[in-house]
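**Q** Coordinates in coords.tsv, TSV, C-alpha atoms and all ligand atoms, are listed below.
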```tsv
chain	number	residue	atom	x	y	z
A	29	MET	CA	12.09	-4.57	6.35
A	30	THR	CA	13.96	-2.21	8.66
A	31	ILE	CA	13.68	1.57	8.58
A	32	SER	CA	16.37	3.32	10.62
A	33	GLY	CA	16.34	7.04	11.27
A	34	ALA	CA	14.69	7.86	7.96
A	35	SER	CA	14.68	11.63	7.33
A	36	LYS	CA	13.85	13.44	4.15
A	37	ARG	CA	14.12	17.09	3.16
A	38	TYR	CA	13.03	18.35	-0.22
A	39	ASP	CA	14.91	21.36	-1.52
A	40	THR	CA	12.56	23.52	-3.52
A	41	ARG	CA	12.88	26.99	-5.02
A	42	SER	CA	10.82	28.40	-2.16
A	43	GLY	CA	12.90	26.71	0.54
A	44	THR	CA	13.39	23.35	2.21
A	45	VAL	CA	10.46	21.11	3.14
A	46	HIS	CA	11.21	18.81	6.04
A	47	ALA	CA	8.96	15.89	5.12
A	48	LEU	CA	10.16	13.04	7.34
A	49	ASP	CA	11.97	13.17	10.63
A	50	ARG	CA	13.94	10.22	11.98
A	51	VAL	CA	11.39	7.49	11.39
A	52	SER	CA	12.52	4.11	12.69
A	53	LEU	CA	10.39	1.02	12.34
A	54	GLU	CA	10.81	-2.71	12.06
A	55	VAL	CA	8.25	-4.15	9.66
A	56	ARG	CA	7.68	-7.80	10.54
A	57	ASP	CA	7.85	-10.41	7.80
A	58	GLY	CA	4.36	-11.22	6.60
A	59	GLU	CA	2.59	-8.51	8.56
A	60	PHE	CA	-0.16	-6.20	7.35
A	61	LEU	CA	0.99	-2.76	8.42
A	62	CYS	CA	-1.17	0.31	7.85
A	63	ILE	CA	0.11	3.88	7.99
A	64	LEU	CA	-2.30	6.66	8.97
A	65	GLY	CA	-1.56	10.33	9.27
A	66	PRO	CA	-2.65	13.80	8.21
A	67	SER	CA	-2.21	14.93	4.62
A	68	GLY	CA	1.34	16.06	3.89
A	69	CYS	CA	2.90	14.23	6.84
A	70	GLY	CA	5.28	12.29	4.62
A	71	LYS	CA	3.51	8.94	4.18
A	72	SER	CA	4.08	8.77	0.42
A	73	THR	CA	7.61	10.09	0.91
A	74	LEU	CA	8.31	7.17	3.25
A	75	LEU	CA	6.72	4.61	0.92
A	76	TRP	CA	8.61	5.91	-2.13
A	77	SER	CA	11.85	5.52	-0.20
A	78	MET	CA	10.85	1.97	0.75
A	79	ALA	CA	10.26	1.26	-2.94
A	80	GLY	CA	13.70	2.65	-3.79
A	81	LEU	CA	12.07	5.29	-5.99
A	82	HIS	CA	13.88	8.16	-4.26
A	83	GLY	CA	16.63	8.54	-1.71
A	84	LEU	CA	16.53	9.65	1.93
A	85	SER	CA	18.38	12.71	3.24
A	86	SER	CA	19.65	10.55	6.09
A	87	GLY	CA	18.97	7.15	7.59
A	88	GLU	CA	18.48	3.91	5.72
A	89	ILE	CA	16.00	1.24	4.72
A	90	ARG	CA	16.95	-2.41	4.48
A	91	LEU	CA	15.27	-5.55	3.24
A	92	GLY	CA	17.21	-8.40	4.76
A	93	PRO	CA	20.85	-7.74	3.92
A	94	SER	CA	20.22	-5.29	1.10
A	95	LYS	CA	20.06	-1.55	1.51
A	96	ILE	CA	17.20	-0.14	-0.56
A	97	GLU	CA	18.59	2.54	-2.85
A	98	ALA	CA	16.92	1.60	-6.11
A	99	PRO	CA	13.85	-0.45	-7.10
A	100	HIS	CA	14.23	-3.98	-5.73
A	101	PRO	CA	12.81	-7.15	-7.34
A	102	GLU	CA	11.24	-8.26	-4.05
A	103	ILE	CA	9.32	-4.99	-3.58
A	104	ALA	CA	6.26	-3.98	-5.63
A	105	MET	CA	4.28	-0.76	-5.40
A	106	ILE	CA	0.59	-0.12	-6.05
A	107	PHE	CA	-0.60	3.48	-6.36
A	108	GLN	CA	-3.89	5.28	-5.76
A	109	GLU	CA	-4.56	5.43	-9.47
A	110	ALA	CA	-4.24	2.08	-11.19
A	111	ASN	CA	-1.68	3.63	-13.58
A	112	LEU	CA	-2.45	1.23	-16.41
A	113	LEU	CA	-1.11	2.33	-19.78
A	114	PRO	CA	-4.17	3.27	-21.87
A	115	TRP	CA	-2.70	1.98	-25.14
A	116	ARG	CA	-2.03	-1.49	-23.79
A	117	ASN	CA	-4.63	-4.13	-23.06
A	118	LEU	CA	-4.86	-5.81	-19.67
A	119	GLU	CA	-2.58	-8.69	-20.57
A	120	SER	CA	0.21	-6.48	-21.86
A	121	ASN	CA	-0.16	-4.03	-18.96
A	122	ILE	CA	0.40	-6.92	-16.57
A	123	ALA	CA	3.36	-8.11	-18.65
A	124	LEU	CA	5.09	-4.72	-18.29
A	125	PRO	CA	7.10	-5.47	-15.11
A	126	PHE	CA	8.47	-8.58	-16.83
A	127	GLU	CA	9.46	-6.55	-19.90
A	128	LEU	CA	11.26	-4.07	-17.66
A	129	LYS	CA	13.14	-6.97	-16.08
A	130	ARG	CA	13.70	-8.53	-19.52
A	131	THR	CA	12.19	-11.81	-18.42
A	132	LYS	CA	9.34	-13.86	-19.82
A	133	PRO	CA	5.93	-13.27	-18.18
A	134	ASP	CA	4.87	-16.10	-15.90
A	135	ARG	CA	1.66	-16.84	-17.83
A	136	ALA	CA	0.42	-19.56	-15.47
A	137	ARG	CA	0.82	-17.32	-12.42
A	138	ILE	CA	-0.82	-14.37	-14.17
A	139	SER	CA	-3.78	-16.41	-15.23
A	140	ARG	CA	-4.23	-17.79	-11.69
A	141	LEU	CA	-4.11	-14.25	-10.31
A	142	LEU	CA	-6.59	-12.94	-12.90
A	143	GLN	CA	-8.92	-15.78	-11.98
A	144	ARG	CA	-8.39	-14.99	-8.31
A	145	VAL	CA	-9.46	-11.35	-8.64
A	146	GLY	CA	-12.33	-12.12	-11.03
A	147	LEU	CA	-10.71	-10.76	-14.19
A	148	ALA	CA	-10.31	-13.98	-16.17
A	149	GLY	CA	-11.61	-13.36	-19.68
A	150	PHE	CA	-10.77	-9.64	-19.63
A	151	GLU	CA	-7.18	-10.05	-20.87
A	152	SER	CA	-7.79	-8.29	-24.19
A	153	LYS	CA	-9.73	-5.34	-22.72
A	154	TYR	CA	-8.25	-1.86	-22.59
A	155	PRO	CA	-8.21	0.17	-19.35
A	156	ARG	CA	-11.01	2.49	-20.61
A	157	GLU	CA	-13.25	-0.57	-20.94
A	158	LEU	CA	-12.83	-1.45	-17.24
A	159	SER	CA	-14.42	0.07	-14.13
A	160	GLY	CA	-12.25	1.76	-11.49
A	161	GLY	CA	-12.44	-1.31	-9.26
A	162	MET	CA	-11.47	-3.61	-12.13
A	163	GLN	CA	-8.52	-1.39	-13.03
A	164	GLN	CA	-7.33	-1.45	-9.44
A	165	ARG	CA	-7.71	-5.25	-9.33
A	166	ALA	CA	-5.61	-5.39	-12.51
A	167	SER	CA	-2.93	-3.28	-10.87
A	168	ILE	CA	-2.89	-5.68	-7.91
A	169	VAL	CA	-2.36	-8.56	-10.36
A	170	ARG	CA	0.45	-6.59	-12.03
A	171	GLY	CA	2.06	-6.01	-8.61
A	172	LEU	CA	1.75	-9.65	-7.54
A	173	ALA	CA	2.64	-11.18	-10.92
A	174	VAL	CA	6.37	-10.91	-10.27
A	175	ASP	CA	5.84	-12.57	-6.85
A	176	PRO	CA	7.41	-9.89	-4.63
A	177	SER	CA	7.73	-10.51	-0.88
A	178	VAL	CA	6.73	-6.93	-0.01
A	179	LEU	CA	3.76	-5.06	-1.43
A	180	LEU	CA	3.65	-1.29	-0.88
A	181	MET	CA	0.24	0.29	-1.38
A	182	ASP	CA	-0.31	4.07	-1.38
A	183	GLU	CA	-4.02	4.76	-0.74
A	184	PRO	CA	-4.87	2.13	-3.34
A	185	PHE	CA	-8.63	2.28	-2.78
A	186	GLY	CA	-8.98	5.98	-1.97
A	187	ALA	CA	-10.57	6.85	-5.32
A	188	LEU	CA	-13.17	4.05	-5.24
A	189	ASP	CA	-16.79	4.25	-4.11
A	190	ALA	CA	-17.59	2.84	-0.67
A	191	PHE	CA	-19.11	-0.40	-1.97
A	192	THR	CA	-16.20	-1.22	-4.29
A	193	ARG	CA	-13.79	-0.27	-1.54
A	194	ASP	CA	-15.36	-2.83	0.82
A	195	GLU	CA	-14.97	-5.48	-1.90
A	196	MET	CA	-11.34	-4.54	-2.44
A	197	ASN	CA	-10.66	-4.62	1.31
A	198	LEU	CA	-12.03	-8.17	1.50
A	199	LEU	CA	-10.03	-9.20	-1.57
A	200	ILE	CA	-6.74	-7.81	-0.31
A	201	GLN	CA	-7.28	-9.41	3.11
A	202	GLU	CA	-7.88	-12.78	1.41
A	203	ILE	CA	-4.87	-12.44	-0.88
A	204	TRP	CA	-2.70	-11.45	2.06
A	205	MET	CA	-3.90	-14.46	4.10
A	206	GLU	CA	-3.28	-16.79	1.14
A	207	THR	CA	0.14	-15.49	0.12
A	208	GLY	CA	1.78	-14.40	3.38
A	209	LYS	CA	3.18	-11.26	1.73
A	210	THR	CA	4.30	-8.32	3.82
A	211	ILE	CA	1.92	-5.46	3.03
A	212	ILE	CA	2.52	-1.82	3.91
A	213	PHE	CA	-0.64	0.10	3.20
A	214	ILE	CA	-1.25	3.86	3.45
A	215	THR	CA	-4.77	5.09	4.04
A	216	HIS	CA	-6.68	8.13	5.27
A	217	SER	CA	-9.47	5.94	6.63
A	218	ILE	CA	-9.17	4.86	10.26
A	219	ALA	CA	-11.84	2.18	9.67
A	220	GLU	CA	-9.95	0.80	6.67
A	221	ALA	CA	-6.73	0.66	8.68
A	222	LEU	CA	-8.45	-1.12	11.60
A	223	PHE	CA	-10.14	-3.55	9.26
A	224	LEU	CA	-6.93	-4.54	7.47
A	225	ALA	CA	-3.99	-4.10	9.80
A	226	ASP	CA	-2.05	-6.18	12.27
A	227	ARG	CA	-0.49	-2.89	13.38
A	228	ILE	CA	-1.30	0.71	12.59
A	229	VAL	CA	1.45	3.31	12.55
A	230	VAL	CA	-0.02	6.73	13.36
A	231	MET	CA	2.15	9.56	12.09
A	232	SER	CA	2.26	13.15	13.31
A	233	ALA	CA	1.90	16.20	11.09
A	234	ARG	CA	4.92	17.31	9.05
A	235	PRO	CA	7.74	16.69	9.60
A	236	GLY	CA	6.37	13.17	9.81
A	237	ARG	CA	7.32	11.22	12.90
A	238	ILE	CA	5.88	8.05	14.35
A	239	GLN	CA	3.43	9.14	16.99
A	240	GLU	CA	1.94	5.86	18.05
A	241	ILE	CA	1.81	2.20	17.00
A	242	VAL	CA	-1.54	0.48	17.58
A	243	GLU	CA	-1.79	-3.32	17.68
A	244	VAL	CA	-5.00	-4.69	16.14
A	245	ASP	CA	-5.84	-8.14	17.46
A	246	LEU	CA	-9.25	-8.65	15.80
A	247	PRO	CA	-9.66	-12.27	14.65
A	248	ARG	CA	-9.36	-13.06	10.92
A	249	PRO	CA	-10.80	-13.34	8.43
A	250	ARG	CA	-12.58	-10.12	9.32
A	251	PRO	CA	-16.02	-9.65	7.74
A	252	ILE	CA	-17.07	-6.17	6.56
A	253	SER	CA	-19.82	-6.31	9.20
A	254	VAL	CA	-17.17	-6.16	11.97
A	255	GLN	CA	-17.01	-2.44	11.17
A	256	SER	CA	-20.47	-1.87	12.60
A	257	THR	CA	-19.82	-3.56	15.95
A	258	PRO	CA	-19.63	-1.30	19.03
A	259	GLU	CA	-16.09	-2.55	19.79
A	260	PHE	CA	-14.88	-1.59	16.32
A	261	ILE	CA	-16.52	1.84	16.48
A	262	ALA	CA	-14.99	2.41	19.92
A	263	ARG	CA	-11.54	1.60	18.49
A	264	VAL	CA	-12.06	3.98	15.56
A	265	ASN	CA	-12.92	6.70	18.07
A	266	ASP	CA	-9.88	5.89	20.22
A	267	ILE	CA	-7.61	6.43	17.23
A	268	LYS	CA	-9.50	9.56	16.20
A	269	ASP	CA	-8.99	10.96	19.71
A	270	MET	CA	-5.33	10.01	19.61
A	271	ILE	CA	-4.97	12.09	16.48
A	272	ASP	CA	-7.23	14.99	17.52
A	273	HIS	CA	-5.78	15.42	21.01
A	274	ARG	CA	-2.34	15.99	19.66
A	275	LYS	CA	-3.55	18.59	17.19
A	276	VAL	CA	-2.14	17.00	14.08
A	301	LIG	N1	9.01	16.06	-4.92
A	301	LIG	C1	8.74	16.94	-3.94
A	301	LIG	N2	9.34	18.15	-3.89
A	301	LIG	C2	9.09	19.00	-2.91
A	301	LIG	N3	8.28	18.76	-1.87
A	301	LIG	C3	7.65	17.57	-1.85
A	301	LIG	C4	7.85	16.59	-2.86
A	301	LIG	N4	7.10	15.50	-2.57
A	301	LIG	C5	6.47	15.80	-1.44
A	301	LIG	N5	6.80	17.02	-0.97
A	301	LIG	C6	6.33	17.66	0.27
A	301	LIG	O1	6.66	16.82	1.34
A	301	LIG	C7	5.61	16.75	2.29
A	301	LIG	C8	5.17	15.31	2.46
A	301	LIG	O2	4.56	14.89	1.24
A	301	LIG	P1	3.94	13.43	1.07
A	301	LIG	O3	3.41	13.36	-0.31
A	301	LIG	O4	4.93	12.43	1.50
A	301	LIG	O5	2.74	13.47	2.14
A	301	LIG	P2	1.55	12.43	2.38
A	301	LIG	O6	1.54	12.12	3.84
A	301	LIG	O7	1.66	11.30	1.44
A	301	LIG	O8	0.26	13.31	2.02
A	301	LIG	P3	-1.16	12.84	1.43
A	301	LIG	O9	-1.87	12.17	2.56
A	301	LIG	O10	-1.82	14.12	1.06
A	301	LIG	O11	-0.91	11.95	0.27
A	301	LIG	C9	4.51	17.68	1.77
A	301	LIG	O12	4.65	18.92	2.40
A	301	LIG	C10	4.81	17.79	0.30
A	301	LIG	O13	4.41	19.05	-0.20
A	302	MG	MG	0.48	10.58	-0.15
```
Can I see the file as structure tokens?
**A**
Amino acid sequence: MTISGASKRYDTRSGTVHALDRVSLEVRDGEFLCILGPSGCGKSTLLWSMAGLHGLSSGEIRLGPSKIEAPHPEIAMIFQEANLLPWRNLESNIALPFELKRTKPDRARISRLLQRVGLAGFESKYPRELSGGMQQRASIVRGLAVDPSVLLMDEPFGALDAFTRDEMNLLIQEIWMETGKTIIFITHSIAEALFLADRIVVMSARPGRIQEIVEVDLPRPRPISVQSTPEFIARVNDIKDMIDHRKV
């Protein structure tokens, strides 16, 4: 995926908000890219544009030969809230993207994915009958069910407790290693970004610009315990300093 000179201004009644300023970035095929930055720096704005959910003021985003201007079948998005429809059970929530595309759900793939995330047997449950972690696992299955090549995740685990979040981090690392998808993942947690990413894009305060790109060469699979090693903590602090020193 290639982002070239992406800028976005929102026109509101109280004036123009300059959310993104000339962001250019080449996302490598199959990489796990995390985006970190202060609140309001335009991370979601950038991700929504990558999903084709809204347009840029200038610049462009491409996936291979196609310019992203509308939702694209190869790109799936997972939000902070699982966004399951409360009146549909798990199975029919997961079938929704297929209905929107007017295709038949790939039952075999869905059942493999449900098994994979530990939700086999919960197909007939409604969202209110599932924990937050289970709902988020269901939304990952919904995102992967259509077999996209790019998965966009906007603080997907931000609302979960620390223990469930660790579990989800392990799960998404495993799924990424198994499937070779390109994942672009927004987080507020430096530790989460370091744990998951091949590269971390650090953005400046609004208007969002790329401030720094950090390569993370920790061996995989990474165990949760890596986060308590002195090397890991030193890296977290390096990134914290990077952000603090520039007063973002
Ligand atoms: N639809 C909109 N209309 C007007 N302004 C908007 C709109 N969406 C976002 N903004 C503004 O654009 C800026 C960037 O917002 P965005 O949601 O992209 O930030 P973010 O980095 O995702 O923040 P957070 O970490 O809090 O989720 C903010 O100042 C926000 O108020
Ligand atoms: Mg956001």
**Q** Which is closest to Glu97 of chain A among A:Ala79, A:Val174, A:Leu112, A:Leu64, if we use only C-alpha atoms?
**A**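 Using only C-alpha atoms, the shortest distance to Glu97 of chain A belongs to A:Ala79.
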**Q** Can you write out as a Markdown table which residues of chain A fall within 6 Å of ligand LIG 301 (chain A), alongside each residue's closest atom pair and its distance in Å to one decimal, counting all atoms listed in the file and ordering rows by chain and ascending residue number?
**A**
```
| residue | atom | partner | partner_atom | distance |
| --- | --- | --- | --- | --- |
| A:Tyr38 | CA | A:LIG301 | C2 | 4.8 |
| A:Thr40 | CA | A:LIG301 | C2 | 5.7 |
| A:Val45 | CA | A:LIG301 | N3 | 5.9 |
| A:Ala47 | CA | A:LIG301 | C7 | 4.5 |
| A:Pro66 | CA | A:LIG301 | O9 | 5.9 |
| A:Ser67 | CA | A:LIG301 | O9 | 3.5 |
| A:Gly68 | CA | A:LIG301 | O5 | 3.4 |
| A:Cys69 | CA | A:LIG301 | O6 | 3.9 |
| A:Gly70 | CA | A:LIG301 | O4 | 3.1 |
| A:Lys71 | CA | A:LIG301 | O6 | 3.8 |
| A:Ser72 | CA | A:LIG301 | O7 | 3.6 |
| A:Thr73 | CA | A:LIG301 | O4 | 3.6 |
```
**Q** I'd like to know which of A:Lys132, A:Trp115, A:Ser159, A:Gln108 is closest to Gly186 of chain A, using only C-alpha atoms.
**A**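 Once distances to Gly186 of chain A are computed over only C-alpha atoms, the minimum belongs to A:Gln108.
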**Q** Return the single residue from A:Ile214, A:Leu198, A:Ala98, A:Val254 that is closest to ligand MG 302 (chain A), with distances computed using all atoms listed in the file.
**A**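 Ranked by minimum distance to ligand MG 302 (chain A), first place goes to A:Ile214.
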**Q** Nearest to ligand MG 302 (chain A) among A:Thr131, A:Ala136, A:Glu183, A:Met29, with distances taken over only C-alpha atoms and all ligand atoms: which residue is it?
**A** A:Glu183
**Q** To one decimal place, how far is atom CA of Asp57 of chain A from atom CA of Gly208 of chain A in Å?
**A**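 Going from atom CA of Asp57 of chain A over to atom CA of Gly208 of chain A, I get 8.5 Å.
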**Q** Please measure the separation of atom CA of Asn117 of chain A and atom CA of Met105 of chain A, giving the value in Å to one decimal.
**A**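 Spanning atom CA of Asn117 of chain A to atom CA of Met105 of chain A is a straight-line distance of 20.1 Å.
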**Q** Report the closest atom pair, with its distance in Å rounded to one decimal, for each residue of segment 150-226 of chain A that has an atom no farther than 12 Å from segment 80-94 of chain A; count all atoms listed in the file, sort by chain and then rising residue number, and write it as a Markdown table.
**A**
```
| residue | atom | partner | partner_atom | distance |
| --- | --- | --- | --- | --- |
| A:Pro176 | CA | A:Leu91 | CA | 11.9 |
| A:Ser177 | CA | A:Leu91 | CA | 9.9 |
| A:Val178 | CA | A:Leu91 | CA | 9.2 |
| A:Leu180 | CA | A:Gly80 | CA | 11.2 |
| A:Thr210 | CA | A:Leu91 | CA | 11.3 |
```
**Q** How would you write as a list in words the residues that get within 7 Å of (0.0, -12.1, -5.5) in the file's frame, counting all atoms listed in the file?
**A**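 Taken together, the residues in range are Leu141, Val169, Leu172, Ala173, Asp175, Ile203 and Thr207 of chain A.
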**Q** Find the spatial neighbours of Ala225 of chain A, counting all atoms listed in the file, within a cut-off of 6 Å - ignore same-chain residues fewer than 4 positions away - and output them as a ChimeraX atom specification.
**A** /A:60-62,221
**Q** So that all listed atoms of segment 158-170 of chain A fit with 8 Å spare on each side, what axis-aligned box centre and edge lengths in Å, to one decimal, would you give as AutoDock Vina command-line options?
**A**
```
--center_x -7.0 --center_y -3.4 --center_z -12.6 --size_x 30.9 --size_y 26.3 --size_z 25.3
```
**Q** Find the spatial neighbours of Arg248 of chain A, counting only C-alpha atoms, within a cut-off of 10 Å - ignore same-chain residues fewer than 6 positions away - and output them as a PDB file with C-alpha atoms, in the coordinates of the input.
**A**
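This is the output file out_37.pdb:
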```
ATOM      1  CA  GLN A 201      -7.280  -9.410   3.110  1.00  0.00           C
ATOM      2  CA  GLU A 202      -7.880 -12.780   1.410  1.00  0.00           C
ATOM      3  CA  MET A 205      -3.900 -14.460   4.100  1.00  0.00           C
ATOM      4  CA  PHE A 223     -10.140  -3.550   9.260  1.00  0.00           C
ATOM      5  CA  LEU A 224      -6.930  -4.540   7.470  1.00  0.00           C
TER       6      LEU A 224
END
```
**Q** For the atom pair atom CA of Leu199 of chain A and atom CA of Ala110 of chain A, what is the interatomic distance in Å to one decimal place?
**A**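 Separation between atom CA of Leu199 of chain A and atom CA of Ala110 of chain A: 15.9 Å.
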**Q** Which residues are close to Gly161 of chain A, i.e. within 12 Å by only C-alpha atoms, leaving aside same-chain residues fewer than 3 positions away? Reply as an mmCIF file with C-alpha atoms, in the frame of the given file.
**A**
```cif
data_model
loop_
_atom_site.group_PDB
_atom_site.id
_atom_site.type_symbol
_atom_site.label_atom_id
_atom_site.label_comp_id
_atom_site.auth_asym_id
_atom_site.auth_seq_id
_atom_site.Cartn_x
_atom_site.Cartn_y
_atom_site.Cartn_z
ATOM 1 C CA GLN A 108 -3.890 5.280 -5.760
ATOM 2 C CA GLU A 109 -4.560 5.430 -9.470
ATOM 3 C CA ALA A 110 -4.240 2.080 -11.190
ATOM 4 C CA VAL A 145 -9.460 -11.350 -8.640
ATOM 5 C CA GLY A 146 -12.330 -12.120 -11.030
ATOM 6 C CA LEU A 147 -10.710 -10.760 -14.190
ATOM 7 C CA PRO A 155 -8.210 0.170 -19.350
ATOM 8 C CA GLU A 157 -13.250 -0.570 -20.940
ATOM 9 C CA LEU A 158 -12.830 -1.450 -17.240
ATOM 10 C CA GLN A 164 -7.330 -1.450 -9.440
ATOM 11 C CA ARG A 165 -7.710 -5.250 -9.330
ATOM 12 C CA ALA A 166 -5.610 -5.390 -12.510
ATOM 13 C CA SER A 167 -2.930 -3.280 -10.870
ATOM 14 C CA ILE A 168 -2.890 -5.680 -7.910
ATOM 15 C CA PRO A 184 -4.870 2.130 -3.340
ATOM 16 C CA PHE A 185 -8.630 2.280 -2.780
ATOM 17 C CA GLY A 186 -8.980 5.980 -1.970
ATOM 18 C CA ALA A 187 -10.570 6.850 -5.320
ATOM 19 C CA LEU A 188 -13.170 4.050 -5.240
ATOM 20 C CA ASP A 189 -16.790 4.250 -4.110
ATOM 21 C CA ALA A 190 -17.590 2.840 -0.670
ATOM 22 C CA PHE A 191 -19.110 -0.400 -1.970
ATOM 23 C CA THR A 192 -16.200 -1.220 -4.290
ATOM 24 C CA ARG A 193 -13.790 -0.270 -1.540
ATOM 25 C CA ASP A 194 -15.360 -2.830 0.820
ATOM 26 C CA GLU A 195 -14.970 -5.480 -1.900
ATOM 27 C CA MET A 196 -11.340 -4.540 -2.440
ATOM 28 C CA ASN A 197 -10.660 -4.620 1.310
ATOM 29 C CA LEU A 199 -10.030 -9.200 -1.570
#
```
**Q** Which of these, A:Thr215, A:Ser256, A:Ser42, A:Asn265, has the shortest distance to ligand MG 302 (chain A) once you count all atoms listed in the file?
**A**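 Looking at the shortest contact to ligand MG 302 (chain A), the residue is A:Thr215.
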**Q** Nearest to Ile211 of chain A among A:Ser52, A:Val242, A:Ile106, A:Glu119, with distances taken over only C-alpha atoms: which residue is it?
**A** A:Ile106
